[in-house]
Amino acid sequence: MTALVSIRRLRKNFDRFTALDGIDLEIDEGEVVCIIGPSGSGKSTLIRCINLLETFDDPGEILVGNIPVKRGKQLASVRAEVGMVFQSFNLFPHLTIRENIKLAPKRVRKVGDKEADEKAMQLLNRVGIGAQADKYPDQLSGGQQQRVAIARALAMEPKILLFDEPTSSLDPEMVGEVLDVMRQLAHSGVTMIVVTHEMGFARQVADRVVFMNEGKIVESGRPENIFDSPKENRTREFLNAVLTR
Amino acid sequence: MSITETFFNWGVLTSSFPLLLSGLRVTLLLGLVSIIAGLILGLLISLIRIYSIRPARIVAKIYIDVFRSIPILVLLIVVYYALPFVGFRLSPFMSAAFALTLVSGAYTAEIFRAGIEAIPRGQFEASQALGLSYRHMMMDIILPQAIRIVIPPLTNNCVNVVKDTALASVVAMPDLLKQATQAQALEANPTPLIFAALMYVALLWPLITLVGRLEKKYRRETAR
């Protein structure tokens, strides 16, 4: 089976700082990969490279469904296949919830209004916000907004969903509702890459956990292996620090 | 002669009123043309100023700075009296519309730039991540939000453009001020001038209050 996403020799240098230092990673269809690691380890930068919100240095390359991720004509079609959920939701504040979800399918996929509307309502019901469809984002709680953001990404029927610390800016009591939606998605076979600090979620839901430090992948494997018997010292240190908190 | 007879002479007013009205029409038309053309020009320049390649950005920046520093009266006189020497002859109306548009475009560009730059980066990233084209990102996401931010300063700019139309009387354009000064000379009485001044105020006062109200409303919404 060929990988859905292939990341090869990925490097990114800022002025004096190496954010990504030679990353190789393959993600198969249907796989749920959680990326963990200390802040500044390059986790977010890595997934932001997959839809080129962040540029990366030559000769590194990323393929999504065999299409190279780079500037040019193909970029929009790559981006249409790669959904993203942000830490800060980034809903469009001037549009209703319903319109937030319909916009990209209509503009990018050229779906008709009626069809887009039906799809939007179906997705909103799936994430449990059907009743709020005609409100504006600022009338919803953080947890609800993030669920809308997930529905918005799903509306494009992407091949893969990227989550960039999706629960990090939520009040603690709202983290659960967002993780529940993500858990459902994982079980329904959606390919997901999740950058997260939620170790419980990573352990339960991930097919594979990737531990990053200082721009490198230190180790990766089945969650039980990473969490219960990490091979690397650095992984053990990190897990001790976050799990005993 | 009493104050009333001098400044508020009913007979003078009625006989000069048609002249004032035709002047008001010209003023309004000139203001409208310059405002609309200035908006389009300003939007284009602001997009160049923010998003195009570096040399074009620098040209846009220079344009904005030059036309914000040149006095409109000077620009108007250059357009009307100097350009004919290079075979570029414009009517008084066109000269005035041209000068006002160039200047209004510079101010408008700065206003749009501030408005667009006030939109959080996440809005651009979310649009890009969804695969929206540049055009759709701007038309559907960025500009609709930026417009709410820029409406108060834009309205303010409109007030300034309408005020500056009075400068066109210098190049013999029959606007409100020009007609009023002519009527004054004709009647040997300043009543037409007084009424022209009142007409400017009546025209712009509502716009000024509108700016204040919009600013307050916007401040409330961003605080929400």
# chains A, B, ... in the order shown; residues from 1 in each chain; ligands from 1
>>> residues_around(residues="Gln139 (chain A)", least_positions_apart="4", cutoff="12 Å", atoms="only C-alpha atoms", output="number ranges by chain")
A: 91, 93-97, 132-135, 143-145; B: 224
>>> interface_residues(of="chain A", to="chain B", cutoff="7 Å", atoms="only C-alpha atoms", output="list in words")
Asn51, Leu53, Ala76, Ser77, Arg79, Ala80, Gly83, Met84, Asn90, Phe92, His94, Ala104, Arg107 and Val108 of chain A
>>> closest_residue(among="B:Asn189, B:Met139, B:Ile72, B:Leu207", to="Leu103 (chain A)", atoms="only C-alpha atoms")
B:Met139
>>> residues_around(residues="region 23-38 of chain A", least_positions_apart="5", cutoff="8 Å", atoms="only C-alpha atoms", output="PyMOL selection string")
chain A and resi 1-11+43+186+189-197+202+205-213+215-217+238
>>> select_by_dssp(residues="region 28-173 of chain A", states="alpha helix (DSSP H)", output="MDAnalysis selection string")
chainID A and resid 43:50 75:81 97:108 113:126 142:154 172:173
>>> write_last_selection(atoms="C-alpha atoms", output="PDB file, in the first residue's frame")
ATOM      1  CA  LYS A  43       5.190  19.535  15.830  1.00  0.00           C
ATOM      2  CA  SER A  44       2.968  22.353  14.603  1.00  0.00           C
ATOM      3  CA  THR A  45       5.487  23.465  11.995  1.00  0.00           C
ATOM      4  CA  LEU A  46       5.543  19.916  10.652  1.00  0.00           C
ATOM      5  CA  ILE A  47       1.813  19.623  10.043  1.00  0.00           C
ATOM      6  CA  ARG A  48       1.608  23.200   8.749  1.00  0.00           C
ATOM      7  CA  CYS A  49       4.077  22.151   6.041  1.00  0.00           C
ATOM      8  CA  ILE A  50       1.663  19.495   4.791  1.00  0.00           C
ATOM      9  CA  LEU A  75      -1.501  23.713  -4.466  1.00  0.00           C
ATOM     10  CA  ALA A  76      -5.210  24.560  -4.260  1.00  0.00           C
ATOM     11  CA  SER A  77      -6.162  20.979  -5.105  1.00  0.00           C
ATOM     12  CA  VAL A  78      -3.749  19.632  -2.488  1.00  0.00           C
ATOM     13  CA  ARG A  79      -5.208  22.016   0.059  1.00  0.00           C
ATOM     14  CA  ALA A  80      -8.728  20.957  -0.855  1.00  0.00           C
ATOM     15  CA  GLU A  81      -7.747  17.371   0.021  1.00  0.00           C
ATOM     16  CA  ILE A  97     -22.217  28.730  11.202  1.00  0.00           C
ATOM     17  CA  ARG A  98     -24.066  27.292   8.218  1.00  0.00           C
ATOM     18  CA  GLU A  99     -22.326  29.671   5.797  1.00  0.00           C
ATOM     19  CA  ASN A 100     -18.948  28.948   7.359  1.00  0.00           C
ATOM     20  CA  ILE A 101     -19.386  25.334   6.351  1.00  0.00           C
ATOM     21  CA  LYS A 102     -20.980  25.844   2.937  1.00  0.00           C
ATOM     22  CA  LEU A 103     -18.534  28.382   1.578  1.00  0.00           C
ATOM     23  CA  ALA A 104     -15.562  26.231   0.568  1.00  0.00           C
ATOM     24  CA  PRO A 105     -17.581  23.359  -0.967  1.00  0.00           C
ATOM     25  CA  LYS A 106     -19.457  25.933  -3.065  1.00  0.00           C
ATOM     26  CA  ARG A 107     -16.398  27.928  -4.115  1.00  0.00           C
ATOM     27  CA  VAL A 108     -13.796  25.189  -4.463  1.00  0.00           C
ATOM     28  CA  ASP A 113     -26.254  25.725  -2.769  1.00  0.00           C
ATOM     29  CA  LYS A 114     -28.942  23.211  -1.873  1.00  0.00           C
ATOM     30  CA  GLU A 115     -26.561  20.293  -1.808  1.00  0.00           C
ATOM     31  CA  ALA A 116     -24.011  22.285   0.228  1.00  0.00           C
ATOM     32  CA  ASP A 117     -26.744  23.211   2.681  1.00  0.00           C
ATOM     33  CA  GLU A 118     -27.881  19.634   3.180  1.00  0.00           C
ATOM     34  CA  LYS A 119     -24.303  18.509   3.657  1.00  0.00           C
ATOM     35  CA  ALA A 120     -23.650  21.335   6.138  1.00  0.00           C
ATOM     36  CA  MET A 121     -26.681  20.437   8.238  1.00  0.00           C
ATOM     37  CA  GLN A 122     -25.777  16.769   8.179  1.00  0.00           C
ATOM     38  CA  LEU A 123     -22.251  17.578   9.413  1.00  0.00           C
ATOM     39  CA  LEU A 124     -23.494  19.997  12.047  1.00  0.00           C
ATOM     40  CA  ASN A 125     -25.832  17.334  13.392  1.00  0.00           C
ATOM     41  CA  ARG A 126     -22.963  14.886  13.392  1.00  0.00           C
ATOM     42  CA  GLY A 142     -15.166  27.635  22.404  1.00  0.00           C
ATOM     43  CA  GLY A 143     -15.940  23.929  22.352  1.00  0.00           C
ATOM     44  CA  GLN A 144     -18.866  24.487  19.984  1.00  0.00           C
ATOM     45  CA  GLN A 145     -16.751  26.703  17.734  1.00  0.00           C
ATOM     46  CA  GLN A 146     -14.087  24.047  17.484  1.00  0.00           C
ATOM     47  CA  ARG A 147     -16.693  21.432  16.592  1.00  0.00           C
ATOM     48  CA  VAL A 148     -17.946  23.755  13.846  1.00  0.00           C
ATOM     49  CA  ALA A 149     -14.361  24.094  12.633  1.00  0.00           C
ATOM     50  CA  ILE A 150     -14.141  20.307  12.406  1.00  0.00           C
ATOM     51  CA  ALA A 151     -17.402  20.196  10.440  1.00  0.00           C
ATOM     52  CA  ARG A 152     -16.091  22.945   8.146  1.00  0.00           C
ATOM     53  CA  ALA A 153     -12.979  20.909   7.390  1.00  0.00           C
ATOM     54  CA  LEU A 154     -15.039  17.741   6.840  1.00  0.00           C
ATOM     55  CA  PRO A 172     -10.971  22.564  30.511  1.00  0.00           C
ATOM     56  CA  GLU A 173     -14.655  21.633  30.670  1.00  0.00           C
TER      57      GLU A 173
END
>>> residues_around(residues="region 169-171 of chain B", least_positions_apart="6", cutoff="10 Å", atoms="only C-alpha atoms", output="ChimeraX atom specification")
/B:27,73,76-77,79-81,91-93,95-96,177-179,181
>>> residues_around(residues="Pro18 (chain B)", least_positions_apart="6", cutoff="12 Å", atoms="only C-alpha atoms", output="tab-separated table (two decimals) with C-alpha atoms, in the first residue's frame")
chain	number	residue	atom	x	y	z
B	12	VAL	CA	-31.41	88.20	-3.27
B	24	LEU	CA	-24.90	72.28	-5.69
B	25	ARG	CA	-25.64	69.75	-8.43
B	176	LEU	CA	-21.57	75.64	-5.44
B	179	GLN	CA	-21.88	80.09	-8.33
B	180	ALA	CA	-22.24	81.69	-4.92
B	183	ALA	CA	-24.18	85.56	-7.50
B	192	PRO	CA	-25.70	83.76	-1.69
>>> residues_around(residues="Arg113 (chain B)", least_positions_apart="2", cutoff="10 Å", atoms="only C-alpha atoms", output="VMD selection string")
chain B and resid 42 to 43 45 to 50 107 to 111 115 to 118 146 150
>>> select_by_dssp(residues="region 20-190 of chain A", states="strand (DSSP E)", output="PyMOL selection string")
chain A and resi 20-27+32-36+61-64+67-68+82-85+160-164
>>> write_last_selection(atoms="C-alpha atoms", output="PDB file, in the first residue's frame")
ATOM      1  CA  LEU A  20      12.602  20.869  11.420  1.00  0.00           C
ATOM      2  CA  ASP A  21      15.779  18.876  11.143  1.00  0.00           C
ATOM      3  CA  GLY A  22      15.274  16.089   8.628  1.00  0.00           C
ATOM      4  CA  ILE A  23      11.847  14.541   9.114  1.00  0.00           C
ATOM      5  CA  ASP A  24      10.808  11.330   7.358  1.00  0.00           C
ATOM      6  CA  LEU A  25       7.254  10.205   7.956  1.00  0.00           C
ATOM      7  CA  GLU A  26       4.669   8.199   6.023  1.00  0.00           C
ATOM      8  CA  ILE A  27       0.991   8.139   6.855  1.00  0.00           C
ATOM      9  CA  VAL A  32      -4.541   8.134  13.133  1.00  0.00           C
ATOM     10  CA  VAL A  33      -1.158   9.564  14.056  1.00  0.00           C
ATOM     11  CA  CYS A  34      -0.667  11.668  17.162  1.00  0.00           C
ATOM     12  CA  ILE A  35       2.396  13.886  17.353  1.00  0.00           C
ATOM     13  CA  ILE A  36       3.557  14.720  20.862  1.00  0.00           C
ATOM     14  CA  GLU A  61       9.514  17.038  -0.135  1.00  0.00           C
ATOM     15  CA  ILE A  62       5.978  16.176   0.850  1.00  0.00           C
ATOM     16  CA  LEU A  63       3.589  14.152  -1.283  1.00  0.00           C
ATOM     17  CA  VAL A  64      -0.135  14.071  -0.618  1.00  0.00           C
ATOM     18  CA  ILE A  67       0.963  15.091  -5.644  1.00  0.00           C
ATOM     19  CA  PRO A  68       3.960  17.137  -4.505  1.00  0.00           C
ATOM     20  CA  VAL A  82      -6.134  18.334   3.316  1.00  0.00           C
ATOM     21  CA  GLY A  83      -8.473  19.625   5.998  1.00  0.00           C
ATOM     22  CA  MET A  84      -7.119  21.583   8.928  1.00  0.00           C
ATOM     23  CA  VAL A  85      -8.407  22.397  12.394  1.00  0.00           C
ATOM     24  CA  ILE A 160      -6.766  13.685   5.549  1.00  0.00           C
ATOM     25  CA  LEU A 161      -7.482  15.942   8.519  1.00  0.00           C
ATOM     26  CA  LEU A 162      -4.763  17.866  10.344  1.00  0.00           C
ATOM     27  CA  PHE A 163      -5.362  18.988  13.917  1.00  0.00           C
ATOM     28  CA  ASP A 164      -3.023  21.638  15.296  1.00  0.00           C
TER      29      ASP A 164
END
>>> atom_distance(atom1="CA of Ile70 (chain B)", atom2="CA of Val103 (chain B)")
8.3 Å
>>> atom_distance(atom1="CA of Arg203 (chain A)", atom2="CA of Ser88 (chain A)")
23.9 Å
>>> atom_distance(atom1="CA of Leu143 (chain B)", atom2="CA of Ala60 (chain B)")
19.3 Å
